[in-house]
Each structure stands twice: as C-alpha cells, then as structure tokens.
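Q: Before we start, here is the structure in question, set down as structure tokens.
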Amino acid sequence: MLRVAVVASPPVSMFNLAIPELLFDKVRVDGEPGYEVVICAPEPGPMPTTGTLDLYVPHGLEALREAHTVIVAGTGRPLSPDPRVVEALREAAAAGKRIASICSGAFSLAEAGLLKGRKATTYWAQAGELRRRHPDIDLQGDVLFVQDGPFLTASGYAAGIDLCLHIVRTDYGAAIANEVARLALVAPVRPGGQTQFTQTPLPPERGTACADTRGWAMRNLDKPLTLTDLARHAGVSVRTLTRRFQAESGVSPLQWLLHQRIERAKELLETTRLPMDQVAAACGLGTADSLRAHLVRRTGLTPSAYRAQFSRHGTAAAAGTPAAA
C-alpha cells in the first residue's frame, strides 16, 4: 500500500483537498487498499477554507517523511507559500518522493525550486503571475496537467481529478484507473495535454448595428460566407462592416465567423452521430481535415476524441466516423 500525503495550507480549497482522498480511497488491488491518504498541514488543528466552512487537519508536515507521493492542494493565498511547506517539499524532493500540486499549489513547488527548468502548469487565471514570479519555469499555459520527472502539476479544480487518475494509472495500470473513474462517476483518464477549454469565449457584444447580419450569418453557417457577403447583407462597405464588427464584437468579422463555425461543430459532435465530413459541411468548415485542424487548434482534441469525451449519446456516437478524424 502506497501512502499519499496531501498538504493543506490555509485557507485551503476544500475541493482540491477532497479529490485525492475521494479517488485514491477507491483503489483496490487484489481486494486490498492501494493507497493510504494522510491530510497534513504546517499546523495541525482547525483550518479555514476558501469557503464558509472550517475543517480539522490531524497531522503535521512530518507525514511527508513516510509518504510515497506528496500532493499540495490549492490555497486562497498562493503568492505567499508557507516557508515550512516549502522546506518540507525540498526535503521530500531530496528523498526522491513524487511531488504533485493541484491548482495554486504549484506556487509552493515553484518557491521550493522544484520546477526550475521544468514543464509545469497552474490554473489559467494564475498562470501569468506564476510566469512573472518564476520565469525559469517552462510554463504550459493551457493544459490539464503536466509531468516532468517526479514532479506533476495540475491546472486547477477538476483537473486535479485527471492528475490523480494519472497517478493511479502510473502505479497500478489503466484498468484500475478506469475502474476508479467509473466508481467515482467521473470521466476516464484524460491526456494531460488536453486544453483547459478557456480560450473559446468571445468578448461580450457592445452594440446592435450588426446584430441582424450576425443573426443571418448564424443561420447560414453552412454556406461559404465572405466579407463581401456580410457587408452586402449589412448594406455597408467591407471597411465599414469591419470597423463596426470590431467595435461591437471585439474581433474581426472573419474571426467571429470562424468562432461560430467551431462552436456549431462542437454542438453537432456532442448532439448528433453525423459523420465528420457532414459535420464539417454543416458548419461551413469544408472538409473533415479542415474540421480536425481547427478543432485541434482550439481544444487540443481531434473531432472523434471530442465526441467521445462530450457526446450526449455516449461513446456509441463515435461509431462509423472516419479514421482520419
């Protein structure tokens, strides 16, 4: 049985803290527990959380000495890691232990010098600050989790689930990891390089002059619309359309149009069993190859992988799709 020490620093994220115990507790190997999870803190006892509840942490940082794996949970004060945690992480690394973080816990690993020259990630909203404070980290800004040697970092919140399932798969194999996912009612192991899906929203619209044209374009996404087509519908020149579109939508007309085509493609992948070439045609992306290129660029997933992950019809929806997808 492998021991996992989960480090909590106040105010700790209760969701971050709960993930390792929830998942590792479900691991069974030949009927026996695969892990023992120990929650620890710089000061054992009552601890505030980022929510409205407090909790009680029974163990101090000495728990790291007997651990096989150390996981640092996220905290509401990530920019000032507790020096006791930082030193304990350095000792754990020197002892050859596997060390991971969820969400803002990456700041503690960075402060301990464990991520210098290594690939790492953190929650997308905090990535800029981590990069500014630790420019020597090879920060992967939009992935679920990263492993570089014995150090693992997860981007945040539910990505901690993916990180823990990856650890289970590493220790005990894919079959046990997928069984844990099934018991916990979460998605099977997702690849760490999958994006956090944070880059897709457009800025809020700030005007209505082009609203009719935007609505018309949405109803005609399956057609090869051009700037001239959009300008003709709006009854203005291409130059005026571009200026108004930029002012109202925050992006150019063609950027807006491509965004809408990709969003329509995602909707069709989630809700239909259409072959990939038909999905591409229905949203105006042309071919299955074009659909694949745009979706991989936007989400990090191929169309078939996206459908398998998010389809409301389940994995059967992917049946019959071309191998090229």
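Residues in the structure tokens are named by chain (A, B, ... in the order shown) and by number from 1 within that chain; ligands are numbered from 1 in the order shown.
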Set the distance at 12 Å and use only C-alpha atoms: which residues neighbour A:Ile262 once local chain neighbours fewer than 2 positions away are removed? I'd like the list as an NGL selection string.
A: :A and (200-201 or 218 or 221-222 or 255-260 or 264-269 or 279-286 or 290-299 or 303)
Q: Just N, CA and C atoms for this one: save the residues we selected as a short mmCIF file (atom, residue, chain, number, x, y, z; two decimals), in the first residue's frame.
A:
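Ended up saving to again_11.cif:
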```
data_model
loop_
_atom_site.label_atom_id
_atom_site.label_comp_id
_atom_site.auth_asym_id
_atom_site.auth_seq_id
_atom_site.Cartn_x
_atom_site.Cartn_y
_atom_site.Cartn_z
N THR A 200 -12.06 29.80 -25.67
CA THR A 200 -13.08 29.88 -26.69
C THR A 200 -14.06 31.04 -26.58
N PRO A 201 -14.40 31.57 -25.41
CA PRO A 201 -15.40 32.63 -25.39
C PRO A 201 -14.96 33.88 -26.13
N MET A 218 -25.40 33.37 -38.65
CA MET A 218 -25.59 32.18 -37.84
C MET A 218 -26.55 31.20 -38.51
N LEU A 221 -24.41 29.32 -41.64
CA LEU A 221 -23.04 28.88 -41.41
C LEU A 221 -22.60 27.80 -42.38
N ASP A 222 -23.55 27.08 -42.96
CA ASP A 222 -23.18 26.01 -43.90
C ASP A 222 -22.78 26.55 -45.27
N GLN A 255 -12.93 36.43 -37.86
CA GLN A 255 -12.63 35.75 -36.60
C GLN A 255 -13.92 35.33 -35.90
N TRP A 256 -14.89 36.22 -35.90
CA TRP A 256 -16.18 35.91 -35.30
C TRP A 256 -16.83 34.74 -36.02
N LEU A 257 -16.78 34.76 -37.36
CA LEU A 257 -17.41 33.72 -38.15
C LEU A 257 -16.76 32.36 -37.89
N LEU A 258 -15.42 32.33 -37.81
CA LEU A 258 -14.72 31.08 -37.54
C LEU A 258 -15.08 30.56 -36.15
N HIS A 259 -15.17 31.44 -35.18
CA HIS A 259 -15.56 31.03 -33.83
C HIS A 259 -16.93 30.36 -33.86
N GLN A 260 -17.88 30.98 -34.55
CA GLN A 260 -19.23 30.42 -34.61
C GLN A 260 -19.25 29.07 -35.33
N ARG A 264 -20.48 25.63 -33.60
CA ARG A 264 -21.51 24.80 -34.20
C ARG A 264 -21.00 23.36 -34.38
N ALA A 265 -19.75 23.23 -34.80
CA ALA A 265 -19.17 21.89 -34.97
C ALA A 265 -19.16 21.14 -33.64
N LYS A 266 -18.78 21.82 -32.57
CA LYS A 266 -18.76 21.18 -31.26
C LYS A 266 -20.16 20.73 -30.84
N GLU A 267 -21.14 21.59 -31.12
CA GLU A 267 -22.52 21.24 -30.80
C GLU A 267 -22.97 19.99 -31.56
N LEU A 268 -22.63 19.92 -32.86
CA LEU A 268 -23.02 18.77 -33.66
C LEU A 268 -22.30 17.50 -33.20
N LEU A 269 -21.05 17.64 -32.81
CA LEU A 269 -20.31 16.48 -32.32
C LEU A 269 -20.91 15.96 -31.02
N VAL A 279 -20.47 16.92 -40.57
CA VAL A 279 -20.32 17.95 -39.54
C VAL A 279 -19.58 19.14 -40.12
N ALA A 280 -18.48 18.87 -40.82
CA ALA A 280 -17.69 19.95 -41.41
C ALA A 280 -18.52 20.77 -42.39
N ALA A 281 -19.31 20.10 -43.24
CA ALA A 281 -20.12 20.80 -44.22
C ALA A 281 -21.21 21.62 -43.55
N ALA A 282 -21.84 21.07 -42.50
CA ALA A 282 -22.95 21.74 -41.84
C ALA A 282 -22.54 23.02 -41.13
N CYS A 283 -21.28 23.10 -40.72
CA CYS A 283 -20.83 24.31 -40.02
C CYS A 283 -19.95 25.19 -40.89
N GLY A 284 -19.77 24.82 -42.17
CA GLY A 284 -19.04 25.66 -43.09
C GLY A 284 -17.54 25.55 -43.03
N LEU A 285 -17.03 24.49 -42.42
CA LEU A 285 -15.58 24.30 -42.35
C LEU A 285 -15.05 23.48 -43.52
N GLY A 286 -15.93 23.06 -44.41
CA GLY A 286 -15.49 22.44 -45.66
C GLY A 286 -15.29 20.94 -45.59
N SER A 290 -10.22 19.87 -42.51
CA SER A 290 -10.28 21.24 -42.03
C SER A 290 -10.91 21.29 -40.64
N LEU A 291 -11.98 20.53 -40.44
CA LEU A 291 -12.61 20.44 -39.12
C LEU A 291 -11.60 19.97 -38.09
N ARG A 292 -10.85 18.95 -38.42
CA ARG A 292 -9.88 18.39 -37.49
C ARG A 292 -8.83 19.44 -37.12
N ALA A 293 -8.30 20.14 -38.12
CA ALA A 293 -7.24 21.13 -37.87
C ALA A 293 -7.74 22.24 -36.95
N HIS A 294 -8.94 22.75 -37.21
CA HIS A 294 -9.47 23.85 -36.41
C HIS A 294 -9.80 23.40 -34.99
N LEU A 295 -10.38 22.21 -34.85
CA LEU A 295 -10.77 21.75 -33.52
C LEU A 295 -9.55 21.42 -32.66
N VAL A 296 -8.54 20.82 -33.26
CA VAL A 296 -7.31 20.53 -32.51
C VAL A 296 -6.67 21.83 -32.05
N ARG A 297 -6.66 22.83 -32.93
CA ARG A 297 -6.06 24.12 -32.57
C ARG A 297 -6.85 24.78 -31.43
N ARG A 298 -8.16 24.62 -31.44
CA ARG A 298 -8.99 25.29 -30.45
C ARG A 298 -9.08 24.53 -29.13
N THR A 299 -9.18 23.21 -29.18
CA THR A 299 -9.43 22.44 -27.95
C THR A 299 -8.34 21.46 -27.58
N PRO A 303 -11.73 15.68 -33.60
CA PRO A 303 -13.19 15.57 -33.54
C PRO A 303 -13.69 14.28 -32.91
#
```
Q: Could you make a table, as JSON lines, of the residues of stretch 82-120 of chain A that have an atom within 9 Å of an atom of stretch 55-73 of chain A, each with its nearest atom pair and distance in Å to one decimal, counting only C-alpha atoms, in chain and number order?
A:
```
{"residue": "A:Arg84", "atom": "CA", "partner": "A:Leu61", "partner_atom": "CA", "distance": 8.2}
{"residue": "A:Val85", "atom": "CA", "partner": "A:Leu61", "partner_atom": "CA", "distance": 7.4}
{"residue": "A:Ala88", "atom": "CA", "partner": "A:Leu61", "partner_atom": "CA", "distance": 6.9}
{"residue": "A:Leu89", "atom": "CA", "partner": "A:Leu64", "partner_atom": "CA", "distance": 8.2}
{"residue": "A:Glu91", "atom": "CA", "partner": "A:Arg65", "partner_atom": "CA", "distance": 8.4}
{"residue": "A:Ala92", "atom": "CA", "partner": "A:Leu64", "partner_atom": "CA", "distance": 6.7}
{"residue": "A:Ala95", "atom": "CA", "partner": "A:Arg65", "partner_atom": "CA", "distance": 8.4}
{"residue": "A:Gly96", "atom": "CA", "partner": "A:His68", "partner_atom": "CA", "distance": 8.9}
{"residue": "A:Lys97", "atom": "CA", "partner": "A:His68", "partner_atom": "CA", "distance": 5.8}
{"residue": "A:Arg98", "atom": "CA", "partner": "A:Thr69", "partner_atom": "CA", "distance": 4.8}
{"residue": "A:Ile99", "atom": "CA", "partner": "A:Val70", "partner_atom": "CA", "distance": 4.7}
{"residue": "A:Ala100", "atom": "CA", "partner": "A:Ile71", "partner_atom": "CA", "distance": 4.6}
{"residue": "A:Ser101", "atom": "CA", "partner": "A:Val72", "partner_atom": "CA", "distance": 4.5}
{"residue": "A:Ile102", "atom": "CA", "partner": "A:Ala73", "partner_atom": "CA", "distance": 5.3}
{"residue": "A:Cys103", "atom": "CA", "partner": "A:Ala73", "partner_atom": "CA", "distance": 7.1}
{"residue": "A:Ser104", "atom": "CA", "partner": "A:Ala73", "partner_atom": "CA", "distance": 7.5}
{"residue": "A:Gly105", "atom": "CA", "partner": "A:Val72", "partner_atom": "CA", "distance": 5.2}
{"residue": "A:Ala106", "atom": "CA", "partner": "A:Val72", "partner_atom": "CA", "distance": 7.7}
{"residue": "A:Ser108", "atom": "CA", "partner": "A:Val72", "partner_atom": "CA", "distance": 7.7}
{"residue": "A:Leu109", "atom": "CA", "partner": "A:Val72", "partner_atom": "CA", "distance": 8.2}
```
Q: With DSSP run on the backbone, what are the alpha helix (DSSP H) residues within stretch 147-187 of chain A? I'd like them as an mmCIF file with N, CA and C atoms, in the first residue's frame.
A:
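Produced file selection-v5.cif, reproduced below:
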```cif
data_model
loop_
_atom_site.group_PDB
_atom_site.id
_atom_site.type_symbol
_atom_site.label_atom_id
_atom_site.label_comp_id
_atom_site.auth_asym_id
_atom_site.auth_seq_id
_atom_site.Cartn_x
_atom_site.Cartn_y
_atom_site.Cartn_z
ATOM 1 N N ALA A 159 -9.227 19.413 -12.919
ATOM 2 C CA ALA A 159 -8.007 18.842 -13.480
ATOM 3 C C ALA A 159 -7.247 18.045 -12.429
ATOM 4 N N GLY A 160 -7.498 18.327 -11.150
ATOM 5 C CA GLY A 160 -6.905 17.514 -10.096
ATOM 6 C C GLY A 160 -7.392 16.075 -10.161
ATOM 7 N N ILE A 161 -8.609 15.881 -10.636
ATOM 8 C CA ILE A 161 -9.118 14.520 -10.832
ATOM 9 C C ILE A 161 -8.285 13.803 -11.882
ATOM 10 N N ASP A 162 -8.023 14.498 -12.988
ATOM 11 C CA ASP A 162 -7.217 13.901 -14.055
ATOM 12 C C ASP A 162 -5.814 13.565 -13.565
ATOM 13 N N LEU A 163 -5.236 14.455 -12.767
ATOM 14 C CA LEU A 163 -3.895 14.207 -12.247
ATOM 15 C C LEU A 163 -3.884 12.972 -11.351
ATOM 16 N N CYS A 164 -4.872 12.856 -10.453
ATOM 17 C CA CYS A 164 -4.897 11.705 -9.536
ATOM 18 C C CYS A 164 -5.142 10.406 -10.289
ATOM 19 N N LEU A 165 -6.002 10.429 -11.299
ATOM 20 C CA LEU A 165 -6.221 9.232 -12.102
ATOM 21 C C LEU A 165 -4.954 8.856 -12.867
ATOM 22 N N HIS A 166 -4.201 9.850 -13.313
ATOM 23 C CA HIS A 166 -2.924 9.584 -13.980
ATOM 24 C C HIS A 166 -1.953 8.899 -13.016
ATOM 25 N N ILE A 167 -1.926 9.354 -11.765
ATOM 26 C CA ILE A 167 -1.062 8.732 -10.763
ATOM 27 C C ILE A 167 -1.476 7.276 -10.537
ATOM 28 N N VAL A 168 -2.789 7.030 -10.426
ATOM 29 C CA VAL A 168 -3.278 5.669 -10.245
ATOM 30 C C VAL A 168 -2.875 4.801 -11.435
ATOM 31 N N ARG A 169 -3.039 5.331 -12.629
ATOM 32 C CA ARG A 169 -2.670 4.568 -13.829
ATOM 33 C C ARG A 169 -1.182 4.271 -13.842
ATOM 34 N N THR A 170 -0.364 5.235 -13.431
ATOM 35 C CA THR A 170 1.080 5.022 -13.381
ATOM 36 C C THR A 170 1.445 3.932 -12.383
ATOM 37 N N ASP A 171 0.777 3.927 -11.231
ATOM 38 C CA ASP A 171 1.111 2.974 -10.176
ATOM 39 C C ASP A 171 0.517 1.587 -10.391
ATOM 40 N N TYR A 172 -0.727 1.540 -10.905
ATOM 41 C CA TYR A 172 -1.444 0.269 -10.927
ATOM 42 C C TYR A 172 -2.033 -0.117 -12.283
ATOM 43 N N ALA A 174 -3.949 1.019 -16.315
ATOM 44 C CA ALA A 174 -5.126 1.703 -16.840
ATOM 45 C C ALA A 174 -6.429 1.068 -16.386
ATOM 46 N N ALA A 175 -6.462 -0.267 -16.263
ATOM 47 C CA ALA A 175 -7.704 -0.939 -15.894
ATOM 48 C C ALA A 175 -8.185 -0.483 -14.521
ATOM 49 N N ILE A 176 -7.279 -0.405 -13.551
ATOM 50 C CA ILE A 176 -7.661 0.023 -12.203
ATOM 51 C C ILE A 176 -8.013 1.513 -12.209
ATOM 52 N N ALA A 177 -7.266 2.325 -12.960
ATOM 53 C CA ALA A 177 -7.573 3.762 -13.031
ATOM 54 C C ALA A 177 -8.960 3.993 -13.612
ATOM 55 N N ASN A 178 -9.315 3.263 -14.655
ATOM 56 C CA ASN A 178 -10.634 3.425 -15.257
ATOM 57 C C ASN A 178 -11.742 2.910 -14.340
ATOM 58 N N GLU A 179 -11.456 1.881 -13.556
ATOM 59 C CA GLU A 179 -12.435 1.397 -12.594
ATOM 60 C C GLU A 179 -12.676 2.434 -11.507
ATOM 61 N N VAL A 180 -11.603 3.104 -11.074
ATOM 62 C CA VAL A 180 -11.742 4.178 -10.090
ATOM 63 C C VAL A 180 -12.602 5.296 -10.662
ATOM 64 N N ALA A 181 -12.350 5.662 -11.917
ATOM 65 C CA ALA A 181 -13.146 6.706 -12.562
ATOM 66 C C ALA A 181 -14.615 6.312 -12.619
ATOM 67 N N ARG A 182 -14.868 5.047 -12.936
ATOM 68 C CA ARG A 182 -16.262 4.576 -13.012
ATOM 69 C C ARG A 182 -16.929 4.635 -11.644
ATOM 70 N N LEU A 183 -16.233 4.211 -10.606
ATOM 71 C CA LEU A 183 -16.804 4.224 -9.266
ATOM 72 C C LEU A 183 -17.058 5.647 -8.772
ATOM 73 N N ALA A 184 -16.194 6.573 -9.182
ATOM 74 C CA ALA A 184 -16.332 7.968 -8.754
ATOM 75 C C ALA A 184 -17.260 8.775 -9.657
#
```
Q: Give me the stretch 35-129 of chain A side of the contact with stretch 12-17 of chain A, cut-off 6 Å, one line per residue showing its nearest atom pair and distance in Å at one decimal, counting only C-alpha atoms, sorted by chain and residue number, as a Markdown table.
A:
```
| residue | atom | partner | partner_atom | distance |
| --- | --- | --- | --- | --- |
| A:Thr49 | CA | A:Val12 | CA | 4.6 |
| A:Thr50 | CA | A:Ser13 | CA | 5.4 |
| A:Ala73 | CA | A:Asn16 | CA | 5.4 |
| A:Gly74 | CA | A:Ser13 | CA | 5.6 |
| A:Thr75 | CA | A:Val12 | CA | 4.4 |
```
Q: Would you mind exporting N, CA, C and O atoms of the selected residues as a PDB file, in the first residue's frame?
A:
```
ATOM      1  N   THR A  49     -10.998  27.494   5.302  1.00  0.00           N
ATOM      2  CA  THR A  49     -11.016  27.105   3.898  1.00  0.00           C
ATOM      3  C   THR A  49     -11.366  28.319   3.053  1.00  0.00           C
ATOM      4  O   THR A  49     -11.659  29.405   3.572  1.00  0.00           O
ATOM      5  N   THR A  50     -11.355  28.137   1.748  1.00  0.00           N
ATOM      6  CA  THR A  50     -11.732  29.231   0.856  1.00  0.00           C
ATOM      7  C   THR A  50     -13.243  29.423   0.820  1.00  0.00           C
ATOM      8  O   THR A  50     -13.726  30.378   0.216  1.00  0.00           O
ATOM      9  N   ALA A  73      -2.342  20.836  -2.110  1.00  0.00           N
ATOM     10  CA  ALA A  73      -3.647  21.351  -2.526  1.00  0.00           C
ATOM     11  C   ALA A  73      -3.582  22.856  -2.740  1.00  0.00           C
ATOM     12  O   ALA A  73      -2.711  23.548  -2.201  1.00  0.00           O
ATOM     13  N   GLY A  74      -4.538  23.378  -3.512  1.00  0.00           N
ATOM     14  CA  GLY A  74      -4.605  24.811  -3.756  1.00  0.00           C
ATOM     15  C   GLY A  74      -5.017  25.579  -2.512  1.00  0.00           C
ATOM     16  O   GLY A  74      -5.658  25.046  -1.596  1.00  0.00           O
ATOM     17  N   THR A  75      -4.648  26.840  -2.488  1.00  0.00           N
ATOM     18  CA  THR A  75      -4.935  27.704  -1.350  1.00  0.00           C
ATOM     19  C   THR A  75      -5.393  29.061  -1.847  1.00  0.00           C
ATOM     20  O   THR A  75      -5.087  29.463  -2.975  1.00  0.00           O
TER      21      THR A  75
END
```
Q: Rank A:Ser9, A:Asp148, A:Leu185, A:Leu53 by their smallest atom-to-atom distance to A:Phe107, using only C-alpha atoms, and report the top residue only.
A: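 Of the candidates, the smallest distance to A:Phe107 is held by A:Ser9.
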Q: Given the choices A:Gly250, A:Gly215, A:Gly235, A:Gly173, which gets closest to A:Val27 if the distance is worked out from only C-alpha atoms?
A: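 Checking each candidate against A:Val27, we get A:Gly173 as the closest.
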Q: Apply DSSP to the structure's backbone, then extract all residues of stretch 41-180 of chain A labelled strand (DSSP E or B) and return them as a PyMOL selection string.
A: chain A and resi 45-49+54-57+59+69-72+75+98-102+119-120+138-139+145-148+151-154
Q: Which residue gives the smallest distance to A:Pro81 among A:Pro10, A:Glu43, A:Val186, A:Arg132, with only C-alpha atoms counted?
A: A:Pro10
